[in-house]
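Participant: Take a look at the following structure, please.
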Amino acid sequence: MSDTALMAAGTEQSVADAGELLPAHTSMVSVFVGVVRRAGPHVIEASLIPTALFYFCLVLAGLGAAFAAALVWVYAAILCRMVSHRAVPPLLVLGAIGITVRTAVAMASGSSFLYFAQPIAGSVVMGCVFLVSMVVGRPMVERLALEFWPLTPEMLARPAVLRLLRRLTFLWAAVNLSVGAATFAMLTWLPLSTYVALKQPVSLAITGLGVAVTIQRAIRTAHREGFVAAHVP
């Protein structure tokens with residue numbers, strides 16, 4: 001799974017949780033803060049900390065140590081939660097799977113480039129999946145929305161809701177493709193250490209913008225269609 005998909009998975013569930021907990025008069029900023037508050041710790045644990053460890057070990061001890069440090073972190077985090085009988089976040093499990101597969105492919109092929117290219121390919125594939133879902137007439141965002149929000153058939157039949165789902169599907173196709181293009185350009189043109197340092201902030205910035213636009217459009221449509229009572233400026 002790509003880093004973008006990993007972060008988006010956390011934010012999707014957090015948007016749903018925030019929508020269930022916050023009152024109807026809430027603003028976009030309040031919902032966004034709620035999303036960050038809920039998804040942030042899991043994204044940090046599953047993605048940002050392994051990336052930071054990888055970077056420092058890469059600079060100080062080389063690529064092999066960097067591979068090992070990222071793997072040790074995610075599995076140690078899972079083990080600590082299991083030993084203390086705490087729930088293991090799905091994002092941490094997905095992060096462990098992603099890092100394991102990337103490391104195995106890189107070591108088997110002897111190519112460090114493949115380690116970094118796999119998430120880029122994942123972002124491009126996800127972007128294409130969103131676009132193909134529009135071609136077949138079933139926007140991917142509609143499927144995700146049905147997983148997290150109680151959308152009734154009457155709601156889904158409204159033209160404004162259908163327009164929203166189509167636009168958000170195009171938006172997330174653009175987000176994934178933009179992350180893929182940006183990270184590929186950095187991987188191609190920048191030194192490896194610089195790429196590792198910049199990749200996550202760039203991905204987070206693009207994904208965060210997508211989350212903000214998604215929340216803003218969803219809340220605005222909900223108010224205009226009368227799903228909640230208050231107006232969001």
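Ligands are numbered from 1 in the order shown, residues from 1 within each chain, and chains are lettered A, B, ... in the order they appear in the structure tokens.
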Show me, as an mmCIF file with C-alpha atoms, in the first residue's frame, the residues that have an atom within 12 Å of Pro201 of chain A when counting only C-alpha atoms, minus same-chain residues fewer than 6 positions from it.
Facilitator:
```cif
data_model
loop_
_atom_site.group_PDB
_atom_site.id
_atom_site.type_symbol
_atom_site.label_atom_id
_atom_site.label_comp_id
_atom_site.auth_asym_id
_atom_site.auth_seq_id
_atom_site.Cartn_x
_atom_site.Cartn_y
_atom_site.Cartn_z
ATOM 1 C CA ASP A 3 1.906 6.064 1.896
ATOM 2 C CA THR A 4 -0.872 8.207 0.434
ATOM 3 C CA ILE A 44 2.819 9.299 13.129
ATOM 4 C CA SER A 47 4.412 6.198 8.818
ATOM 5 C CA LEU A 48 6.271 9.248 10.120
ATOM 6 C CA THR A 51 10.446 7.301 7.904
ATOM 7 C CA ALA A 52 12.409 9.380 10.431
ATOM 8 C CA VAL A 179 1.808 12.454 -4.959
ATOM 9 C CA ALA A 182 5.988 14.595 -7.110
ATOM 10 C CA THR A 183 7.720 11.746 -5.300
ATOM 11 C CA THR A 194 17.233 14.551 0.586
ATOM 12 C CA TYR A 195 14.454 12.522 -1.018
ATOM 13 C CA THR A 207 -2.971 14.617 1.006
ATOM 14 C CA GLY A 208 -3.873 17.156 3.681
#
```
Participant: Write out as an MDAnalysis selection string each polymer residue whose atoms come within 12 Å of segment 57-63 of chain A, counting only C-alpha atoms; drop sequence neighbours fewer than 2 positions from it.
Facilitator: chainID A and resid 50:55 65:70 103 106:107 110:113 115:116 191:197
Participant: Compare A:Phe184, A:Pro89, A:Val101, A:Val175 by their minimum atom-to-atom distance to Ala205 of chain A, counting only C-alpha atoms, and give me the closest one.
Facilitator: A:Val175
Participant: So that I can see what lies close to Thr214 of chain A, please list as a PDB file with N, CA and C atoms, in the first residue's frame the residues with an atom at most 9 Å from it, counting only C-alpha atoms and leaving out residues fewer than 5 positions away in the same chain.
Facilitator:
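Written output follows (around-v4.pdb):
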```pdb
ATOM      1  N   LEU A 168     -15.366  14.489  -5.931  1.00  0.00           N
ATOM      2  CA  LEU A 168     -14.397  14.010  -4.951  1.00  0.00           C
ATOM      3  C   LEU A 168     -13.613  12.814  -5.485  1.00  0.00           C
ATOM      4  N   LEU A 171     -11.051  14.351  -7.482  1.00  0.00           N
ATOM      5  CA  LEU A 171     -10.101  14.986  -6.569  1.00  0.00           C
ATOM      6  C   LEU A 171      -9.091  13.977  -6.043  1.00  0.00           C
ATOM      7  N   TRP A 172      -9.573  12.801  -5.577  1.00  0.00           N
ATOM      8  CA  TRP A 172      -8.648  11.837  -4.994  1.00  0.00           C
ATOM      9  C   TRP A 172      -7.823  11.105  -6.041  1.00  0.00           C
ATOM     10  N   LEU A 209      -4.258  18.663   1.832  1.00  0.00           N
ATOM     11  CA  LEU A 209      -5.080  19.556   1.014  1.00  0.00           C
ATOM     12  C   LEU A 209      -6.307  18.816   0.487  1.00  0.00           C
ATOM     13  N   ILE A 219     -19.320  19.099   3.854  1.00  0.00           N
ATOM     14  CA  ILE A 219     -20.125  19.863   4.815  1.00  0.00           C
ATOM     15  C   ILE A 219     -21.018  20.859   4.090  1.00  0.00           C
TER      16      ILE A 219
END
```
Participant: Considering only C-alpha atoms, can you say which of A:Thr188, A:Ser84, A:Thr221, A:Ser178 comes closest to Val124 of chain A?
Facilitator: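 Nearest to Val124 of chain A: A:Ser178.
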Participant: Go ahead and compute the interatomic distance for atom CA of Glu225 of chain A and atom CA of Arg167 of chain A, in Å to one decimal.
Facilitator: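 Interatomic distance, atom CA of Glu225 of chain A to atom CA of Arg167 of chain A: 16.6 Å.
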Participant: Need the shell around segment 162-164 of chain A: protein/DNA/RNA residues with any atom at most 12 Å away, counting only C-alpha atoms. Skip same-chain ones fewer than 6 positions apart. Format as a list in words?
Facilitator: Met134, Gly137, Arg138, Pro139, Met140, Val141, Glu142, Ala145, Leu151, Pro153, Glu154, Met155, Leu156, Phe170, Leu171, Val213, Thr214, Ile215, Gln216, Arg217, Ala218, Ile219, Arg220, Thr221, Ala222, Arg224 and Glu225 of chain A
Participant: Save out the residues we just selected, N, CA and C atoms, as a short mmCIF file (atom, residue, chain, number, x, y, z; two decimals), in the first residue's frame.
Facilitator:
```cif
data_model
loop_
_atom_site.label_atom_id
_atom_site.label_comp_id
_atom_site.auth_asym_id
_atom_site.auth_seq_id
_atom_site.Cartn_x
_atom_site.Cartn_y
_atom_site.Cartn_z
N MET A 134 -14.88 6.01 -12.31
CA MET A 134 -15.76 6.96 -12.97
C MET A 134 -16.19 6.44 -14.34
N GLY A 137 -18.94 4.03 -14.05
CA GLY A 137 -20.18 4.58 -13.51
C GLY A 137 -20.41 4.35 -12.04
N ARG A 138 -19.37 4.00 -11.29
CA ARG A 138 -19.50 3.80 -9.84
C ARG A 138 -18.35 4.51 -9.14
N PRO A 139 -18.49 5.82 -8.90
CA PRO A 139 -17.39 6.58 -8.30
C PRO A 139 -16.86 5.92 -7.03
N MET A 140 -15.53 5.80 -6.94
CA MET A 140 -14.92 5.15 -5.79
C MET A 140 -15.29 5.83 -4.47
N VAL A 141 -15.41 7.14 -4.48
CA VAL A 141 -15.75 7.86 -3.25
C VAL A 141 -17.13 7.44 -2.75
N GLU A 142 -18.04 7.09 -3.65
CA GLU A 142 -19.35 6.61 -3.21
C GLU A 142 -19.21 5.34 -2.39
N ALA A 145 -17.78 6.28 0.96
CA ALA A 145 -18.77 6.99 1.76
C ALA A 145 -19.77 6.04 2.39
N LEU A 151 -25.51 7.05 4.39
CA LEU A 151 -26.18 7.64 3.24
C LEU A 151 -27.32 6.73 2.79
N PRO A 153 -30.57 5.65 0.22
CA PRO A 153 -30.79 5.72 -1.23
C PRO A 153 -31.36 7.06 -1.68
N GLU A 154 -32.21 7.67 -0.83
CA GLU A 154 -32.77 8.98 -1.16
C GLU A 154 -31.69 10.04 -1.23
N MET A 155 -30.73 10.00 -0.31
CA MET A 155 -29.61 10.95 -0.34
C MET A 155 -28.76 10.76 -1.59
N LEU A 156 -28.46 9.49 -1.90
CA LEU A 156 -27.62 9.20 -3.05
C LEU A 156 -28.29 9.56 -4.37
N PHE A 170 -12.72 12.45 -8.65
CA PHE A 170 -11.68 13.09 -9.47
C PHE A 170 -10.61 13.74 -8.59
N LEU A 171 -11.05 14.35 -7.48
CA LEU A 171 -10.10 14.99 -6.57
C LEU A 171 -9.09 13.98 -6.04
N VAL A 213 -10.23 19.84 1.33
CA VAL A 213 -11.23 20.11 0.29
C VAL A 213 -12.40 19.14 0.42
N THR A 214 -12.11 17.87 0.72
CA THR A 214 -13.16 16.88 0.88
C THR A 214 -14.12 17.27 2.00
N ILE A 215 -13.56 17.64 3.15
CA ILE A 215 -14.40 18.03 4.29
C ILE A 215 -15.23 19.25 3.95
N GLN A 216 -14.59 20.26 3.34
CA GLN A 216 -15.30 21.50 3.03
C GLN A 216 -16.46 21.26 2.08
N ARG A 217 -16.22 20.48 1.03
CA ARG A 217 -17.27 20.21 0.04
C ARG A 217 -18.38 19.36 0.64
N ALA A 218 -18.02 18.38 1.46
CA ALA A 218 -19.03 17.50 2.05
C ALA A 218 -19.93 18.26 3.01
N ILE A 219 -19.32 19.10 3.85
CA ILE A 219 -20.12 19.86 4.81
C ILE A 219 -21.02 20.86 4.09
N ARG A 220 -20.48 21.54 3.09
CA ARG A 220 -21.27 22.52 2.35
C ARG A 220 -22.48 21.85 1.68
N THR A 221 -22.24 20.69 1.05
CA THR A 221 -23.34 19.98 0.41
C THR A 221 -24.37 19.51 1.43
N ALA A 222 -23.90 19.02 2.57
CA ALA A 222 -24.82 18.56 3.62
C ALA A 222 -25.74 19.68 4.09
N ARG A 224 -26.50 22.51 2.37
CA ARG A 224 -27.35 22.95 1.27
C ARG A 224 -28.51 22.00 1.03
N GLU A 225 -28.27 20.71 1.26
CA GLU A 225 -29.31 19.70 1.02
C GLU A 225 -30.18 19.47 2.25
#
```
Participant: Nearest to Val135 of chain A among A:Val72, A:Gly180, A:Leu198, A:Arg166, with distances taken over only C-alpha atoms: which residue is it?
Facilitator: A:Arg166
Participant: Quick one: pull the distance between atom CA of Leu114 of chain A and atom CA of Val202 of chain A, Å, one decimal.
Facilitator: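 Atom CA of Val202 of chain A lies at a distance of 19.7 Å from atom CA of Leu114 of chain A.
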Participant: Find the distance between atom CA of Val74 of chain A and atom CA of Lys199 of chain A and write it in Å to one decimal.
Facilitator: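 Interatomic distance, atom CA of Val74 of chain A to atom CA of Lys199 of chain A: 19.0 Å.
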